[in-house]
Each structure stands twice: as structure tokens, then as C-alpha cells.
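Enquirer: I'd like to ask you about the structure that follows.
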Amino acid sequence: MFRVRPLFPWIRSSLHTTLKLQTDTSPSESVRRNLRLPDIGCGSRSRPVSNQSFRRMATGGEASKEETAKVQAAKEESPKQGNRLVASKSPYLLQHAHNPVDWYPWGEEAFEKARSENKLIFLSVGYSTCHWCHVMEHESFESHETAAIMNEHFVNIKVDREERPDIDKVYMQFLLMTKGSGGWPMSVWLTPDLAPIVAGTYFPPKSRYGMPSFDTVLRSIAKKWETDRESLVTAGSTLISALQKSQGAAAVSDAAFGAGSAMQKLREGINVHKQRFDQTHGGFGSEPKFPEVPRLNFLFHGYLVTKDLDVLDMVIETLDHIGKGGINDHIFGGFARYATTQDWHNVHFEKMLYDQGQLMAAFANAYKVTRNETFMEYADKIYKYLVKDLRHPLGGFYAGEDADSLPTHEDKVKVEGAFYAWTWNEIEAAFKDQAQRFDDISPERAFEIYAFHYGLKSLGNVPTYSDPHGHLTGKNILIVRGSEEQTCANFSLEAEQFKKLLATANDILHVLRDQRPRPHLDTKIICAWNGLVLSGLCKIGNCYTANREQYMQTAKDLLGFLRKEMYDPEKKLLIRSCYGVAVGDETLENNETQIDGFLDDYAFLIKGLLDYYKATLDVSALHWARELQDTQDRLFWDDRNGAYFFSQQDSPNVIVRLKEDHDGAEPCGNSVSARNLVLLGHYYDENSYLERAGQLLNFFADVSPFGHALPEMLSALLMHENGLDLVAVVGPDSPDTQRFVEICRKFYIPSMIIVHVDPSNPEEASNQRLQTKFKMVGGKTTVYVCHERACRMPVTDPQTLEENLTAYFFSKRV
């Protein structure tokens with residue numbers, strides 16, 4: 001969601017009156033209640049509707065499975081001619097490169113054609129692992145009849161939202177403004193001047209549920225353009241002017257934060273989350289349920305400040321249900337994008353990189369606060385999944401895996417969940433086939449235990465209402481309804497015996513599953529999302545489990561990859577994305593025209609670098625973070641009104657620069673930047689960073705409820721207003737010094753920064769004031785714990801330091 005000022009209700013009404021087109025993708029209220037339709041887009045503000053039956057929406061007028069199979073088989077046999085997308089690097093654009101639609105990539109060639117032929121532009125935005133994007137492609141974009149209409153009346157443009165989030169966000173704002181909800185695929189009609197006039201998401205091939213068919217929509221808009229072009233152009237121009245005016249608005253001065261504002265907003269934010277908390281299944285609201293890690297980060301911070309155990313319970317119960325739910329790939333690791341049922345059981349199976357990075361960090365925080373090993377096990381399995389299935393050999397990570405795949409190598413039609421779901425008989429047979437691996441337990445007994453623990457049923461455990469396609473009929477999605485303790489008690493097992501059985505069983509199924517056709521891998525490497533993974537790796541590294549060295553080596557390799565492949569040292573610019581080919585293949589490609597990084601690329605990577613510094617004390621990472629922050633300020637900062645725009649000022653063919661004001665599936669760039677500025681201000685003892693953070697926070701001060709819309713930013717506000725906790729470790733780079741630093745890292749203290757003051761290397765210090773202020777006591781490594789320059793007595797004993805930190809920050813710790 002982006003900054004929207006009060007003139008938009010008028011625009012919405014004005015456009016509706018001007019267009020009068022039957023393109024509304026919203027069914028009647030009675031149908032909506034029946035189908036429980038959702039907002040299929042994540043991270044956007046929308047009407048609170050549900051998801052289960054939206055899957056149903058695309059099936060009402062579709063052909064049967066047999067007919068669909070015949071059509072697709074015929075298409076496979078006939079040669080396909082490529083369109084203008086064949087030269088693209090984006091996996092999403094390449095998926096459409098052989099459609100009969102005359103697709104153009106976003107660029108001047110398409111715009112010039114629209115201007116010279118005076119045609120409307122049809123803009124279709126999606127991403128390669130998007131299930132509903134696949135549905136609309138198969139139903140409409142592969143149809144020669146539909147393509148003929150599109151090619152005759154429109155200039156058709158495809159955009160990968162992950163590659164060009166600036167384009168996606170501008171037109172998503174229009175969609176949200178006019179429809180109240182949004183998602184992908186996003187369908188927008190533009191004038192030749194790129195002004196949006198009509199927008200929707202998925203359109204069915206045939207009219208149903210009060211929704212017009214895609215062909216009907218195309219013809220209706222084409223006719224309106226032919227008969228009433230002037231009114232559409234006027235409406236589009238008015239909209240652009242209004243958007244630009246809105247984005248140029250100043251902060252609301254009356255809402256500016258003052259002393260005590262952070263605590264007031266904290267109480268308000270906690271109350272909103274308590275009201276929306278699902279007491280039964282964890283999470284917030286009803287289905288669809290996303291992990292929404294920015295909320296969890298805020299609640300961890302809120303607990304630390306308030307010591308309110310109800311706040312801690314909300315975040316721990318949510319992570320517990322996510323970890324036990326079907327959203328978790330219990331067999332090997334990694335988490336799906338969202339759950340389509342309130343109990344986290346049935347899911348949308350695509351796995352996105354940004355979720356993995358954020359959830360690693362969240363589970364690490366949960367482990368630090370509770371010392372519950374289960375949370376660390378979830379984080380470790382994410383790590384193993386990333387390294388095995390999403391890692392480029394040179395160290396970067398791919399964008400994600402699709403929800404759909406072929407059930408068998410002989411099949412021609414992909415279905416959602418085919419890779420992850422199991423029949424009762426498949427698992428039973430697999431255990432019998434590998435009976436020798438269960439040692440002294442029979443395969444029948446092992447299967448009985450496994451089926452009990454993961455809620456397997458002989459006829460499948462997926463609720464029918466959540467599976468409108470019927471793809472999961474007779475299948476099981478693993479979910480833990482009870483606990484390891486309950487399973488052990490039920491079968492008289494020792495804990496270690498059960499863990500060994502579970503590990504063996506899951507490994508058997510993992511090996512078997514890897515023989516299935518894999519879901520599509522999006523081999524795009526996105527700078528911002530890799531920044532989130534860098535943070536996640538450092539967070540789990542700071543838990544100091546047996547695998548720390550492994551985690552930190554992966555983090556180091558990733559940092560090296562980002563610096564070498566996604567950074568232009570001469571221009572000091574980040575690159576948005578580069579492209580691999582497959583896991584294990586070192587090939588790396590770039591777009592013919594470089595796409596520079598956006599706000600999120602800078603903000604998320606700077607955050608990752610700050611977390612890397614805390615995990616390693618590698619001062620070069622801190623210096624690069626500062627360098628990138630200076631570039632970010634130059635490219636995106638609004639000197640007139642404050643806060644950061646998402647895109648650069650000179651971005652070609654971007655009709656308006658937006659400022660994002662909503663933390664969703666990912667935190668927004670402004671929220672992350674607020675935190676980064678506060679940390680850099682303290683690391684470098686430079687007040688200019690803190691002043692900028694204050695301006696940024698005040699720009700968004702009128703957002704309400706602040707802690708619900710911007711939970712990550714509220715965490716930054718707490719740090720900005722309440723100050724940071726500095727831990728200065730004074731001593732040479734020695735095992736004793738590392739022991740003190742290790743103790744500090746093990747605690748969850750979001751407001752804590754660690755600075756190593758090495759008397760033998762004063763020139764390497766980021767903060768010269770600290771270098772001269774703090775001294776070793778008695779020739780020993782000495783630790784000073786300070787808050788806003790007020791320091792406690794120095795400590796030279798590791799055990800005393802650990803006791804002090806516990807007393808300072810966890811005096812009421814559960």
C-alpha cells in the first residue's frame with residue numbers, strides 16, 4: 001500500500017462514471033459469501049475476504065480434466081512461434097514467450113506503437129511462481145481466439161512484478177483504489193500516455209459468478225476507446241495529475257511524533273493485534289493466512305519493552321502453529337507462501353525466498369527468547385532447503401519455486417500440490433520398501449506412528465471445501481495436530497527414539513519425492529530478497545548452535561556474491577536482479593538493459609549488512625552499509641517532504657513515484673530504512689542519520705492504526721525515541737574477546753548494537769569517540785553496557801556479563 005491522500009474517493013467515483021464498463025471482477029455479495037473470495041495479492045491493503053473458494057472461481061467454466069489434457073497435449077505437439085519476449089531473461093516473461101498474444105516487454109518500442117497506432121495498452125503483471133497467473137495464461141493467453149482480439153485492439157505488455165516492482169506498485173495502487181482489493185495476475189488498461197483507466201485481476205474465459213468473461217471485457221473496453229476516446233484520455237490525465245499531487249503532499253504536521261509517542265503507539269498496536277489474534281490457531285484474522293513476519297518482529301520487540309506475557313504468547317503460538325502446519329514442508333524444510341485454511345493446513349504451495357529469509361530470523365528470535373530447540377530446528381530446515389534447492393553455486397539465492405508441477409513424468413498437465421501431497425498407500429509402501437532403515441521398529445509400526453503424528457487419513461486429510469479443483473482428492477498434507485510429547489506418550493516411545501524414527505521416515509520420503517517432477521524454479525536472483533536471507537543467516541548464526549560456522553560461511557559467500565554480481569562499484573549502484581539457469585549450474589546472465597536497484601534493494605541489503613556486522617564484527621560490511629545508505633539517500637530521499645520514494649527520480653516511463661506505507665508479506669522499504677538510519681547513527685556517532693530517521697517517521701505519523709499498518713516501522717520508532725543499548729567490547733581480537741561477544745549475540749535485544757574497540761587497531765574503528773572513551777581494565781577484555789551514553793560498571797568476567805544482560809533485559813523473562 002502506498003501513500004494516498006483524501007482526493008482518491010473522488011477519482012474512484014469519477015472514473016466509474018466516465019467508464020461505465022462491465023469489467024468489475026467482484027462478484028455479488030451473495031456469491032462472495034458463498035465462495036468466500038479473497039484478496040489474492042499479499043502485502044496490500046484490501047477488503048478482509050477469504051481465500052478458499054477463490055480457487056473455485058477459476059474452475060466454474062473450465063473444461064473437464066480430460067478435455068484440458070487433450071487441449072494441452074495438442075498444443076505440445078504443434079510448433080509455437082515466439083513473440084517479443086523470447087529474448088527476455090525473466091522466467092515469467094519466458095513462460096509467455098510462445099503465447100499467440102503479441103506480447104511486448106515494458107519499454108519504448110511498445111509505447112511508440114501505442115502512440116503511433118493510437119491504441120490502448122493492455123498491461124498484464126505477474127510472476128513465474130504465481131498459480132493464478134498460470135490459470136489465466138492457459139485459459140486466455142494460450143487461446144488463439146482471445147489472442148486475436150488482444151492483438152487487434154491493444155498493444156499487449158507483460159511485466160514480471162519481481163523484476164519491475166516499480167511498475168507493479170504504481171498500477172496496483174490504481175487497482176486497490178478503484179476495486180478495494182488486488183492481486184496477481186494484475187490486468188490494467190492504459191492510455192498511450194501510460195495512464196490507467198480500467199483494472200482487475202483474474203478474468204475467467206467465460207462469464208460466471210457475476211464476472212464478465214475476459215473476451216467480453218476486451219471488446220467492451222475496445223468499443224469504449226473507439227466511441228468515447230476523449231473522455232478516457234481526460235480521465236487518465238486527471239488520474240495521473242491526482243496521483244502525482246498526492247505523492248507530493250507534505251507530512252501532516254499535527255500528527256508529528258513527540259515525547260512519549262512511541263509508547264502510546266506501542267500500546268495501540270498491541271491492542272489491535274490482541275483483538276485480531278486467532279486464539280485457536282495463531283496468526284491474525286481468518287484465512288488466507290500469511291506468516292506476516294513484520295508483525296511477529298514487532299510483537300517480539302513489544303514483549304521485550306512491556307514484559308506483557310500475552311504479547312509473547314501471541315508470537316510464540318503463531319510460530320508454533322506455522323511450524324506444525326501444512327504451510328511447513330515437514331519432509332525436508334522451507335515454508336509455503338500462505339495457508340488457505342484458518343488452521344494453516346491446506347496451503348498455496350509456492351515457496352518464496354523472502355519468506356524463507358524472514359522466517360529463519362523469526363524462528364531464531366523465538367529460540368533466543370524461549371530456548372525451545374524446536375524453533376531452531378525449523379530454522380535449520382529452512383537453511384537446508386535454501387542451500388539444496390534455491391542456491392546458485394556462486395552463493396546467491398533464487399526467487400522461489402512454483403506451486404504447480406506434473407503429477408508424473410508422463411503427465412502433460414501441471415496441478416497444484418502434486419509435488420508435496422501424498423496418498424496413504426504411497427507412504428505405507430515407501431516405508432515397507434525401506435524396512436531395514438527402521439532398525440528395531442517394523443515398517444507397519446513406523447507407519448502407524450507417522451500417520452498418527454502427521455494426521456494422515458486413508459482417504460486423504462484435505463478438506464473438500466479447500467480443494468475446489470479436486471487435485472488433492474485422496475491426498476494428505478502433513479500437519480501436526482498434537483505434539484511430539486503426545487505422540488511419544490501414545491506409542492510409549494522415548495523422545496530420542498521418536499526423533500530418529502521421524503528423521504528416517506522423512507528422509508525416505510524426501511528421496512522418493514525428489515524422483516517426482518519438480519515444480520518450476522524461478523532462477524531470478526533478486527537483490528532485496530537476498531538481503532533478507534543474509535539477515536536470516538546471521539540471525540540463526542547468532543544462536544550459536546553446532547551449525548554456526550556453516551551458516552556464517554553461507555552468509556559470507558552470499559555477501560561476496562552480492563558485492564561482485566549485484567553491485568556496480570564505479571557508479572556505486574545496486575542491480576535489481578541477475579539470472580541463473582538451474583541449481584548446480586554456474587551460468588549467470590544479466591538483462592541487456594540493466595535494471596537498477598529500487599528502495600527495497602538498498603534498504604534490505606543494508607539491513608543484512610548491519611546484521612552481518614553484528615554477527616561477525618567485520619567492519620568492511622559496516623562501511624559498505626554506510627556507502628549504500630548514502631547512495632539510497634541520494635537516489636530516493638524526498639528533500640522537500642521527507643521519506644523515501646520507491647523509485648529513482650529519473651526512472652523512464654514511470655508515471656508517479658510512490659512512497660510505500662504498509663508492512664505486508666515483506667516490510668516496506670521505509671520501515672526498514674528507519675531502523676537502518678537509527679543503527680547507522682549510533683554506529684558512526686552521526687546525528688544526521690538520526691535526524692533523517694526522525695523526518696521519515698514523522699512523514700508517516702498520521703497512518704492509523706500505526707502499529708497495525710507499519711509494525712516494522714513502530715519497532716524503529718521505539719528504537720529512535722527510547723535509544724539504543726550499546727555494548728562496547730574492549731580488547732584485542734582474541735578468544736576471550738570473542739567469548740564476550742558471543743554472549744551478547746545470544747540474547748534477543750533488538751535495540752542492542754555491539755562495537756569492538758580494539759586498542760591495537762584504532763584506525764579500523766567506525767566510532768572514534770568510543771575508541772578513545774573505553775579502556776581495558778586490568779589488562780583484561782572489558783565490556784561496557786551503555787544506554788544513551790550512560791554506562792554501567794565495566795565487566796571483565798563472562799559469567800557476570802551474562803547475568804547482567806539477563807537482569808537488564810529479561811528480569812521477568814518466562
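Ordered as shown in the C-alpha cells, chains take letters A, B, and onward, while each chain numbers its residues from 1 and ligands are numbered from 1 in the order shown.
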Step one, run DSSP on the backbone; step two, keep only residues of segment 396-431 of chain A assigned to strand (DSSP E); then write them as a list in words.

Expert: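 Here are the strand (DSSP E) residues of segment 396-431 of chain A: Gly400, Glu401, Asp404, Ser405, Val415 and Glu416 of chain A.
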
Enquirer: Would you mind exporting N, CA, C and O atoms of the selected residues as a short mmCIF file (atom, residue, chain, number, x, y, z; two decimals), in the first residue's frame?

Expert:
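Result written to again_32.cif:
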```cif
data_model
loop_
_atom_site.label_atom_id
_atom_site.label_comp_id
_atom_site.auth_asym_id
_atom_site.auth_seq_id
_atom_site.Cartn_x
_atom_site.Cartn_y
_atom_site.Cartn_z
N GLY A 400 12.33 -18.40 -6.03
CA GLY A 400 11.33 -19.28 -5.43
C GLY A 400 10.95 -20.43 -6.33
O GLY A 400 11.44 -20.56 -7.46
N GLU A 401 10.07 -21.28 -5.81
CA GLU A 401 9.57 -22.44 -6.56
C GLU A 401 8.05 -22.34 -6.69
O GLU A 401 7.35 -21.84 -5.81
N ASP A 404 2.73 -25.36 -8.73
CA ASP A 404 2.23 -26.37 -9.65
C ASP A 404 3.37 -27.25 -10.18
O ASP A 404 4.49 -26.77 -10.37
N SER A 405 3.05 -28.50 -10.43
CA SER A 405 4.01 -29.41 -11.07
C SER A 405 3.26 -30.58 -11.68
O SER A 405 2.07 -30.79 -11.41
N VAL A 415 -0.53 -29.64 -11.89
CA VAL A 415 -1.57 -29.36 -10.89
C VAL A 415 -0.89 -28.86 -9.62
O VAL A 415 0.27 -29.17 -9.34
N GLU A 416 -1.63 -28.09 -8.85
CA GLU A 416 -1.06 -27.53 -7.64
C GLU A 416 -0.93 -28.60 -6.56
O GLU A 416 -1.83 -29.40 -6.34
#
```

Enquirer: Would you work out the distance separating atom CA of Asp663 of chain A from atom CA of Leu710 of chain A, expressed in Å to one decimal?

Expert: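 Atom CA of Leu710 of chain A lies at a distance of 5.2 Å from atom CA of Asp663 of chain A.
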
Enquirer: DSSP on the backbone: what in segment 277-431 of chain A comes out helix (DSSP H, G or I), as number ranges by chain?

Expert: A: 293-306, 309-324, 353-370, 373-390, 424-431

Enquirer: At a cut-off of 12 Å, using only C-alpha atoms, what residues contact Ala435 of chain A? Leave out same-chain residues fewer than 4 positions from it and give the result as a PyMOL selection string.

Expert: chain A and resi 428-431+439-447+501+504-505+508

Enquirer: For the atom pair atom CA of Asp639 of chain A and atom CA of Phe174 of chain A, what is the interatomic distance in Å to one decimal place?

Expert: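 Computing it gives 25.5 Å between the two atoms.
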
Enquirer: Using only C-alpha atoms, which residues sit within 12 Å of Thr146 of chain A once same-chain residues fewer than 3 positions away are excluded, as an MDAnalysis selection string?

Expert: chainID A and resid 99:102 136:143 149:154 204:206 213:219

Enquirer: Just to confirm, what's the straight-line distance from atom CA of Ile749 of chain A to atom CA of Val795 of chain A in Å (one decimal)?

Expert: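 Computing the Euclidean distance for atom CA of Ile749 of chain A and atom CA of Val795 of chain A yields 18.7 Å.
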
Enquirer: Between A:Leu394, A:Ala366, A:Leu509, A:Leu93, which residue has the minimum interatomic distance to Lys564 of chain A, considering only C-alpha atoms?

Expert: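 Going through A:Leu394, A:Ala366, A:Leu509, A:Leu93 one by one, the smallest distance to Lys564 of chain A is for A:Leu394.
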
Enquirer: Can you work out which one of A:Arg675, A:Cys668, A:Leu680, A:Val480 has the shortest atom-to-atom distance to Trp624 of chain A, counting only C-alpha atoms?

Expert: A:Leu680

Enquirer: Which residues are near Pro393 of chain A? Cut-off 8 Å, only C-alpha atoms, ignore same chain within fewer than 3 positions. Put them as a list in words.

Expert: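 Close residues of Pro393 of chain A: Gly396, Val583, Gly584, Asp585 and Glu586 of chain A.
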
Enquirer: Do you know which residues are at most 8 Å from Thr473 of chain A counting only C-alpha atoms, after dropping those on the same chain fewer than 4 positions away, and could you put them as a PyMOL selection string?

Expert: chain A and resi 459-460+462+464+467

Enquirer: With distances taken over only C-alpha atoms, which of A:Ser483, A:Phe332, A:Arg634, A:Gly269 is nearest to Val511 of chain A?

Expert: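 Among the listed residues, the smallest separation from Val511 of chain A belongs to A:Phe332.
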